[in-house]
Amino acid sequence: MVCKKWRRLVYDKKLWVHVDLTPYSSVTSKVLWHLLRRHFNTGLRTLKLQGLLFSVQKNKEFLSKALLSGLRKQCPNLEELSLTKTDLKGVSNYNELPASLKTLEMITCEIPSKFFSEPVGDHSSNSKNQSWPHLEALVMKNVPAFSDSHLKSLTSQVKLKKLVLLGTYRVTNHGIEECAERLGELEHLYMEGNTSVSTRVSSITDGFLHFVGRHMRKLRVLHLRKVMSMTDAGLSCLDQLTKLEQLDIQGCFTFSPKALIAVCASLPFLKKLNLNSVHLEGNDTMNQIQKSLPHCIVTNTNALPT
């Protein structure tokens with residue numbers, strides 16, 4: 001039996017601001033409807049959900065169009081939506097999600113092929129940025145269906161400040177190049193090479209780094225992990241990112257220490273350099289890097305022995 005005081009707290013709508021339901025695998029659409037009707041309100045800012053993608057109940061609809069419509073109306077100030085293990089194939093288009101979103105995160109999700117396409121019959125210049133007028137951050141982790149076409153469609157409609165692409169092997173070097181000019185407002189970029197799909201590892205090449213340096217000059221944080229095809233030529237393109245504060249090239253080892261020092265020395269605001277799992281030849285190489293970057297924290301753990 002729940003005490004009266006606890007019951008009053010549960011029904012206090014002022015407390016339903018940041019809701020994280022990912023630890024609970026038994027959350028169904030029925031549970032969500034109950035929460036929407038009794039607890040979710042205009043004060044809700046963050047909602048994190050775990051779907052039924054790998055559950056025995058996976059055939060049951062989790063996020064229906066009706067539920068999403070109710071969420072849009074009931075929670076007009078929702079800023080962050082995080083979906084884990086969610087099948088969104090029943091959601092035809094992203095404009096069915098709350099228009100108030102500033103951050104959309106998907107982890108191990110399935111999406112339809114035209115999820116980020118503009119609504120059919122709405123191609124006027126005045127319609128752009130109205131479906132998600134506030135969206136600034138897109139986080140895609142292990143969403144295998146996310147592709148170049150998804151990225152191209154989305155970036156033609158919104159100006160992102162943060163982009164995270166991990167485990168999205170259908171996003172290629174060519175796709176990034178096509179979208180580079182429209183990613184000029186990016187401040188945070190996180191990408192990781194997919195070592196399990198050899199044909200895609202090389203998709204992040206020196207050409208990609210050229211477009212990053214040329215068009216994404218507002219970057220403050222750049223994470224490029226396990227990118228095996230980055231060479232000195234590509235690394236040198238990053239010297240145009242004069243606002244960069246954090247550079248993470250963990251697991252990237254196809255460049256020379258000399259090129260790394262030259263690039264980092266040209267970045268006046270660089271505060272953190274992550275070289276973990278990067279093999280640096282010579283016992284004195286790490287000392288040279290640290291000496292050349294006196295105001296920067298440099299890490300180099302789990303590196304191969306020289």
# chains A, B, ... in the order shown; residues from 1 in each chain; ligands from 1
>>> select_by_dssp(residues="region 16-240 of chain A", states="strand (DSSP E)", output="MDAnalysis selection string")
chainID A and resid 18:20 46:50 80:84 103:107 137:141 162:166 188:192 221:225
>>> residues_around(residues="region 103-107 of chain A", least_positions_apart="2", cutoff="7 Å", atoms="only C-alpha atoms", output="compact mmCIF listing (two decimals) with all heavy atoms, in the first residue's frame")
# COMPACT_ATOMS: atom_id res chain seq x y z
N GLU A 79 11.88 19.09 -24.95
CA GLU A 79 13.09 19.52 -25.67
C GLU A 79 13.99 18.36 -26.08
O GLU A 79 14.71 18.45 -27.07
CB GLU A 79 13.89 20.50 -24.80
CG GLU A 79 13.15 21.79 -24.51
CD GLU A 79 13.94 22.72 -23.63
OE1 GLU A 79 14.99 22.28 -23.09
OE2 GLU A 79 13.55 23.89 -23.49
N GLU A 80 13.99 17.29 -25.30
CA GLU A 80 14.90 16.17 -25.58
C GLU A 80 14.13 14.85 -25.56
O GLU A 80 13.45 14.53 -24.59
CB GLU A 80 16.03 16.12 -24.55
CG GLU A 80 17.00 14.97 -24.79
CD GLU A 80 18.14 14.92 -23.79
OE1 GLU A 80 18.31 15.93 -23.05
OE2 GLU A 80 18.85 13.91 -23.73
N LEU A 81 14.25 14.09 -26.65
CA LEU A 81 13.63 12.78 -26.76
C LEU A 81 14.71 11.76 -27.08
O LEU A 81 15.42 11.89 -28.08
CB LEU A 81 12.56 12.77 -27.85
CG LEU A 81 11.85 11.43 -28.09
CD1 LEU A 81 11.10 10.98 -26.84
CD2 LEU A 81 10.91 11.53 -29.29
N SER A 82 14.84 10.75 -26.23
CA SER A 82 15.83 9.69 -26.43
C SER A 82 15.09 8.36 -26.55
O SER A 82 14.33 7.99 -25.66
CB SER A 82 16.81 9.64 -25.25
OG SER A 82 17.71 8.56 -25.40
N LEU A 83 15.34 7.66 -27.65
CA LEU A 83 14.67 6.38 -27.91
C LEU A 83 15.71 5.28 -28.03
O LEU A 83 16.66 5.39 -28.80
CB LEU A 83 13.86 6.46 -29.20
CG LEU A 83 12.77 7.55 -29.25
CD1 LEU A 83 12.15 7.61 -30.64
CD2 LEU A 83 11.71 7.31 -28.20
N THR A 84 15.54 4.23 -27.26
CA THR A 84 16.45 3.08 -27.28
C THR A 84 15.67 1.82 -27.65
O THR A 84 14.56 1.60 -27.16
CB THR A 84 17.10 2.89 -25.90
OG1 THR A 84 17.83 4.07 -25.55
CG2 THR A 84 18.07 1.70 -25.92
N LYS A 85 16.24 1.02 -28.55
CA LYS A 85 15.62 -0.24 -28.97
C LYS A 85 14.16 -0.04 -29.37
O LYS A 85 13.25 -0.74 -28.92
CB LYS A 85 15.72 -1.28 -27.85
CG LYS A 85 17.14 -1.66 -27.49
CD LYS A 85 17.20 -2.66 -26.35
CE LYS A 85 18.63 -2.99 -25.98
NZ LYS A 85 18.70 -3.92 -24.82
N LEU A 101 11.24 19.71 -30.13
CA LEU A 101 12.50 19.04 -29.82
C LEU A 101 13.73 19.86 -30.20
O LEU A 101 13.81 20.42 -31.29
CB LEU A 101 12.58 17.69 -30.54
CG LEU A 101 11.64 16.58 -30.07
CD1 LEU A 101 11.89 15.31 -30.87
CD2 LEU A 101 11.82 16.31 -28.58
N CYS A 109 17.94 1.64 -32.98
CA CYS A 109 16.57 1.81 -33.45
C CYS A 109 16.44 1.44 -34.92
O CYS A 109 17.43 1.41 -35.65
CB CYS A 109 16.12 3.26 -33.24
SG CYS A 109 15.95 3.75 -31.51
N LEU A 135 15.30 22.08 -33.55
CA LEU A 135 16.25 20.96 -33.47
C LEU A 135 17.68 21.43 -33.67
O LEU A 135 18.00 22.07 -34.66
CB LEU A 135 15.90 19.90 -34.51
CG LEU A 135 16.68 18.59 -34.36
CD1 LEU A 135 16.26 17.86 -33.09
CD2 LEU A 135 16.49 17.69 -35.57
N GLU A 136 18.54 21.08 -32.71
CA GLU A 136 19.96 21.47 -32.75
C GLU A 136 20.89 20.27 -32.70
O GLU A 136 22.01 20.36 -33.18
CB GLU A 136 20.29 22.40 -31.59
CG GLU A 136 19.54 23.73 -31.61
CD GLU A 136 19.88 24.59 -30.41
OE1 GLU A 136 20.49 24.06 -29.45
OE2 GLU A 136 19.55 25.79 -30.43
N ALA A 137 20.43 19.18 -32.10
CA ALA A 137 21.32 18.04 -31.88
C ALA A 137 20.68 16.74 -32.36
O ALA A 137 19.52 16.45 -32.03
CB ALA A 137 21.68 17.93 -30.40
N LEU A 138 21.43 15.99 -33.14
CA LEU A 138 20.99 14.67 -33.61
C LEU A 138 22.04 13.65 -33.19
O LEU A 138 23.22 13.77 -33.53
CB LEU A 138 20.83 14.65 -35.13
CG LEU A 138 20.40 13.31 -35.72
CD1 LEU A 138 18.95 13.00 -35.34
CD2 LEU A 138 20.55 13.31 -37.24
N VAL A 139 21.59 12.63 -32.45
CA VAL A 139 22.48 11.58 -31.97
C VAL A 139 21.99 10.24 -32.51
O VAL A 139 20.88 9.80 -32.18
CB VAL A 139 22.52 11.54 -30.42
CG1 VAL A 139 23.46 10.42 -29.94
CG2 VAL A 139 22.96 12.89 -29.87
N MET A 140 22.81 9.59 -33.35
CA MET A 140 22.47 8.30 -33.93
C MET A 140 23.52 7.28 -33.52
O MET A 140 24.68 7.37 -33.96
CB MET A 140 22.40 8.41 -35.46
CG MET A 140 21.24 9.22 -35.98
SD MET A 140 19.71 8.28 -35.93
CE MET A 140 18.51 9.61 -35.82
N LYS A 141 23.14 6.33 -32.69
CA LYS A 141 24.06 5.29 -32.24
C LYS A 141 23.49 3.93 -32.61
O LYS A 141 22.41 3.55 -32.15
CB LYS A 141 24.28 5.38 -30.73
CG LYS A 141 24.90 6.69 -30.24
CD LYS A 141 25.06 6.68 -28.73
CE LYS A 141 25.67 8.00 -28.23
NZ LYS A 141 25.79 8.01 -26.74
N ASN A 142 24.22 3.23 -33.44
CA ASN A 142 23.80 1.89 -33.87
C ASN A 142 22.40 1.92 -34.50
O ASN A 142 21.51 1.17 -34.11
CB ASN A 142 23.84 0.91 -32.70
CG ASN A 142 23.72 -0.54 -33.16
OD1 ASN A 142 24.09 -0.89 -34.28
ND2 ASN A 142 23.18 -1.39 -32.29
N VAL A 143 22.24 2.81 -35.44
CA VAL A 143 21.00 2.89 -36.24
C VAL A 143 21.40 2.54 -37.66
O VAL A 143 21.70 3.43 -38.47
CB VAL A 143 20.35 4.29 -36.16
CG1 VAL A 143 19.04 4.32 -36.93
CG2 VAL A 143 20.12 4.68 -34.70
>>> closest_atom_pairs(of="region 46-161 of chain A", to="region 180-183 of chain A", cutoff="10 Å", atoms="only C-alpha atoms", output="JSON lines")
{"residue": "A:Lys152", "atom": "CA", "partner": "A:Arg182", "partner_atom": "CA", "distance": 9.0}
{"residue": "A:Leu154", "atom": "CA", "partner": "A:Arg182", "partner_atom": "CA", "distance": 9.8}
{"residue": "A:Thr155", "atom": "CA", "partner": "A:Arg182", "partner_atom": "CA", "distance": 6.0}
{"residue": "A:Ser156", "atom": "CA", "partner": "A:Arg182", "partner_atom": "CA", "distance": 6.9}
{"residue": "A:Gln157", "atom": "CA", "partner": "A:Arg182", "partner_atom": "CA", "distance": 9.3}
{"residue": "A:Val158", "atom": "CA", "partner": "A:Arg182", "partner_atom": "CA", "distance": 8.6}
{"residue": "A:Lys159", "atom": "CA", "partner": "A:Leu183", "partner_atom": "CA", "distance": 6.8}
{"residue": "A:Leu160", "atom": "CA", "partner": "A:Leu183", "partner_atom": "CA", "distance": 6.6}
{"residue": "A:Lys161", "atom": "CA", "partner": "A:Leu183", "partner_atom": "CA", "distance": 7.9}
>>> write_last_selection(atoms="C-alpha atoms", output="mmCIF file, in the first residue's frame")
data_model
loop_
_atom_site.group_PDB
_atom_site.id
_atom_site.type_symbol
_atom_site.label_atom_id
_atom_site.label_comp_id
_atom_site.auth_asym_id
_atom_site.auth_seq_id
_atom_site.Cartn_x
_atom_site.Cartn_y
_atom_site.Cartn_z
ATOM 1 C CA LYS A 152 20.865 14.934 -46.750
ATOM 2 C CA LEU A 154 17.515 16.407 -42.568
ATOM 3 C CA THR A 155 20.308 18.922 -43.154
ATOM 4 C CA SER A 156 18.290 20.551 -45.918
ATOM 5 C CA GLN A 157 15.654 21.419 -43.318
ATOM 6 C CA VAL A 158 17.462 22.175 -40.044
ATOM 7 C CA LYS A 159 20.733 23.749 -38.892
ATOM 8 C CA LEU A 160 22.390 21.292 -36.527
ATOM 9 C CA LYS A 161 24.884 22.296 -33.843
#
>>> residues_around(residues="Leu32 (chain A)", least_positions_apart="6", cutoff="9 Å", atoms="only C-alpha atoms", output="number ranges by chain")
A: 62-63, 67
>>> residues_around(residues="Trp16 (chain A)", least_positions_apart="6", cutoff="8 Å", atoms="only C-alpha atoms", output="list in words")
His39, Phe40, Asn41, Gly43 and Leu44 of chain A
>>> write_last_selection(atoms="N, CA and C atoms", output="PDB file, in the first residue's frame")
ATOM      1  N   HIS A  39       0.243  12.132 -15.854  1.00  0.00           N
ATOM      2  CA  HIS A  39       1.458  12.736 -15.300  1.00  0.00           C
ATOM      3  C   HIS A  39       2.178  13.694 -16.244  1.00  0.00           C
ATOM      4  N   PHE A  40       2.299  13.333 -17.516  1.00  0.00           N
ATOM      5  CA  PHE A  40       3.018  14.195 -18.445  1.00  0.00           C
ATOM      6  C   PHE A  40       2.222  15.483 -18.666  1.00  0.00           C
ATOM      7  N   ASN A  41       2.948  16.595 -18.735  1.00  0.00           N
ATOM      8  CA  ASN A  41       2.273  17.876 -18.868  1.00  0.00           C
ATOM      9  C   ASN A  41       3.203  18.884 -19.542  1.00  0.00           C
ATOM     10  N   GLY A  43       5.231  20.841 -18.373  1.00  0.00           N
ATOM     11  CA  GLY A  43       6.534  20.995 -17.727  1.00  0.00           C
ATOM     12  C   GLY A  43       7.563  19.972 -18.174  1.00  0.00           C
ATOM     13  N   LEU A  44       7.132  18.932 -18.901  1.00  0.00           N
ATOM     14  CA  LEU A  44       8.060  17.878 -19.325  1.00  0.00           C
ATOM     15  C   LEU A  44       9.089  18.426 -20.310  1.00  0.00           C
TER      16      LEU A  44
END
>>> residues_around(residues="Gln240 (chain A)", least_positions_apart="4", cutoff="10 Å", atoms="only C-alpha atoms", output="PyMOL selection string")
chain A and resi 210+212-218+236+244+263+266-267
>>> write_last_selection(atoms="N, CA, C and O atoms", output="compact mmCIF listing (two decimals), in the first residue's frame")
# COMPACT_ATOMS: atom_id res chain seq x y z
N HIS A 210 38.88 17.19 -45.37
CA HIS A 210 38.99 18.43 -46.15
C HIS A 210 37.69 19.23 -46.05
O HIS A 210 37.72 20.45 -45.83
N VAL A 212 35.40 18.94 -43.70
CA VAL A 212 35.22 19.36 -42.30
C VAL A 212 35.97 20.67 -42.07
O VAL A 212 35.42 21.64 -41.53
N GLY A 213 37.24 20.71 -42.49
CA GLY A 213 38.05 21.91 -42.30
C GLY A 213 37.55 23.10 -43.10
O GLY A 213 37.64 24.24 -42.65
N ARG A 214 36.98 22.82 -44.25
CA ARG A 214 36.54 23.91 -45.13
C ARG A 214 35.21 24.51 -44.72
O ARG A 214 35.02 25.74 -44.78
N HIS A 215 34.25 23.65 -44.27
CA HIS A 215 32.89 24.13 -44.05
C HIS A 215 32.45 24.16 -42.58
O HIS A 215 31.47 24.84 -42.26
N MET A 216 33.12 23.42 -41.70
CA MET A 216 32.63 23.31 -40.31
C MET A 216 33.55 24.07 -39.35
O MET A 216 34.04 23.52 -38.36
N ARG A 217 33.76 25.33 -39.62
CA ARG A 217 34.76 26.10 -38.88
C ARG A 217 34.28 26.58 -37.52
O ARG A 217 35.05 27.24 -36.81
N LYS A 218 33.04 26.28 -37.17
CA LYS A 218 32.55 26.63 -35.84
C LYS A 218 32.71 25.48 -34.85
O LYS A 218 32.30 25.59 -33.69
N SER A 236 46.07 17.66 -41.74
CA SER A 236 46.47 19.07 -41.93
C SER A 236 45.28 19.97 -42.24
O SER A 236 45.34 21.18 -42.02
N LEU A 244 38.44 25.17 -32.29
CA LEU A 244 38.41 23.83 -31.71
C LEU A 244 39.01 23.81 -30.30
O LEU A 244 40.10 24.32 -30.08
N VAL A 263 49.48 20.62 -36.60
CA VAL A 263 48.06 20.97 -36.62
C VAL A 263 47.63 21.53 -35.27
O VAL A 263 46.99 22.59 -35.19
N SER A 266 48.45 25.04 -34.33
CA SER A 266 47.71 26.08 -35.05
C SER A 266 46.30 26.27 -34.50
O SER A 266 45.53 27.08 -35.03
N LEU A 267 45.95 25.51 -33.44
CA LEU A 267 44.62 25.60 -32.84
C LEU A 267 44.74 26.33 -31.50
O LEU A 267 45.03 25.70 -30.47
>>> residues_around(residues="Ile204 (chain A)", least_positions_apart="2", cutoff="12 Å", atoms="only C-alpha atoms", output="PyMOL selection string")
chain A and resi 165+168-177+191-195+198-202+206-212+224-231+234+252
>>> atom_distance(atom1="CA of Glu178 (chain A)", atom2="CA of Ser117 (chain A)")
16.0 Å
>>> select_by_dssp(residues="region 222-263 of chain A", states="helix (DSSP H, G or I)", output="PDB file with N, CA, C and O atoms, in the first residue's frame")
ATOM      1  N   ASP A 232      48.439  12.201 -42.865  1.00  0.00           N
ATOM      2  CA  ASP A 232      48.940  13.551 -42.579  1.00  0.00           C
ATOM      3  C   ASP A 232      48.230  14.606 -43.425  1.00  0.00           C
ATOM      4  O   ASP A 232      47.943  15.712 -42.945  1.00  0.00           O
ATOM      5  N   ALA A 233      47.933  14.259 -44.677  1.00  0.00           N
ATOM      6  CA  ALA A 233      47.272  15.212 -45.578  1.00  0.00           C
ATOM      7  C   ALA A 233      45.893  15.592 -45.055  1.00  0.00           C
ATOM      8  O   ALA A 233      45.501  16.761 -45.069  1.00  0.00           O
ATOM      9  N   GLY A 234      45.149  14.603 -44.589  1.00  0.00           N
ATOM     10  CA  GLY A 234      43.823  14.871 -44.049  1.00  0.00           C
ATOM     11  C   GLY A 234      43.883  15.608 -42.731  1.00  0.00           C
ATOM     12  O   GLY A 234      43.114  16.547 -42.484  1.00  0.00           O
ATOM     13  N   LEU A 235      44.817  15.199 -41.886  1.00  0.00           N
ATOM     14  CA  LEU A 235      44.969  15.835 -40.580  1.00  0.00           C
ATOM     15  C   LEU A 235      45.299  17.315 -40.718  1.00  0.00           C
ATOM     16  O   LEU A 235      44.819  18.147 -39.941  1.00  0.00           O
ATOM     17  N   SER A 236      46.073  17.662 -41.737  1.00  0.00           N
ATOM     18  CA  SER A 236      46.467  19.065 -41.931  1.00  0.00           C
ATOM     19  C   SER A 236      45.279  19.967 -42.237  1.00  0.00           C
ATOM     20  O   SER A 236      45.341  21.180 -42.022  1.00  0.00           O
ATOM     21  N   CYS A 237      44.176  19.394 -42.722  1.00  0.00           N
ATOM     22  CA  CYS A 237      42.986  20.192 -43.032  1.00  0.00           C
ATOM     23  C   CYS A 237      42.315  20.733 -41.782  1.00  0.00           C
ATOM     24  O   CYS A 237      41.543  21.701 -41.853  1.00  0.00           O
ATOM     25  N   LEU A 238      42.609  20.116 -40.647  1.00  0.00           N
ATOM     26  CA  LEU A 238      41.965  20.537 -39.406  1.00  0.00           C
ATOM     27  C   LEU A 238      42.547  21.827 -38.846  1.00  0.00           C
ATOM     28  O   LEU A 238      42.023  22.372 -37.875  1.00  0.00           O
ATOM     29  N   ASP A 239      43.623  22.324 -39.436  1.00  0.00           N
ATOM     30  CA  ASP A 239      44.217  23.557 -38.922  1.00  0.00           C
ATOM     31  C   ASP A 239      43.327  24.775 -39.173  1.00  0.00           C
ATOM     32  O   ASP A 239      43.586  25.868 -38.663  1.00  0.00           O
ATOM     33  N   GLN A 240      42.253  24.574 -39.957  1.00  0.00           N
ATOM     34  CA  GLN A 240      41.312  25.669 -40.207  1.00  0.00           C
ATOM     35  C   GLN A 240      40.242  25.772 -39.117  1.00  0.00           C
ATOM     36  O   GLN A 240      39.473  26.733 -39.098  1.00  0.00           O
ATOM     37  N   PRO A 257      53.558  11.971 -35.853  1.00  0.00           N
ATOM     38  CA  PRO A 257      53.568  12.916 -34.731  1.00  0.00           C
ATOM     39  C   PRO A 257      53.888  14.337 -35.178  1.00  0.00           C
ATOM     40  O   PRO A 257      53.362  15.305 -34.638  1.00  0.00           O
ATOM     41  N   LYS A 258      54.754  14.456 -36.182  1.00  0.00           N
ATOM     42  CA  LYS A 258      55.137  15.780 -36.681  1.00  0.00           C
ATOM     43  C   LYS A 258      53.923  16.524 -37.225  1.00  0.00           C
ATOM     44  O   LYS A 258      53.727  17.722 -36.960  1.00  0.00           O
ATOM     45  N   ALA A 259      53.091  15.827 -37.996  1.00  0.00           N
ATOM     46  CA  ALA A 259      51.889  16.441 -38.564  1.00  0.00           C
ATOM     47  C   ALA A 259      50.902  16.796 -37.465  1.00  0.00           C
ATOM     48  O   ALA A 259      50.249  17.842 -37.515  1.00  0.00           O
ATOM     49  N   LEU A 260      50.803  15.926 -36.465  1.00  0.00           N
ATOM     50  CA  LEU A 260      49.890  16.177 -35.349  1.00  0.00           C
ATOM     51  C   LEU A 260      50.297  17.436 -34.590  1.00  0.00           C
ATOM     52  O   LEU A 260      49.451  18.281 -34.278  1.00  0.00           O
ATOM     53  N   ILE A 261      51.580  17.574 -34.308  1.00  0.00           N
ATOM     54  CA  ILE A 261      52.080  18.746 -33.580  1.00  0.00           C
ATOM     55  C   ILE A 261      51.826  20.020 -34.377  1.00  0.00           C
ATOM     56  O   ILE A 261      51.395  21.046 -33.835  1.00  0.00           O
ATOM     57  N   ALA A 262      52.058  19.955 -35.679  1.00  0.00           N
ATOM     58  CA  ALA A 262      51.865  21.135 -36.537  1.00  0.00           C
ATOM     59  C   ALA A 262      50.408  21.594 -36.537  1.00  0.00           C
ATOM     60  O   ALA A 262      50.127  22.794 -36.446  1.00  0.00           O
ATOM     61  N   VAL A 263      49.484  20.624 -36.601  1.00  0.00           N
ATOM     62  CA  VAL A 263      48.063  20.974 -36.616  1.00  0.00           C
ATOM     63  C   VAL A 263      47.627  21.530 -35.272  1.00  0.00           C
ATOM     64  O   VAL A 263      46.993  22.589 -35.190  1.00  0.00           O
TER      65      VAL A 263
END
>>> closest_residue(among="A:Ser25, A:Thr108, A:Ser55, A:Thr242", to="Pro268 (chain A)", atoms="only C-alpha atoms")
A:Thr242
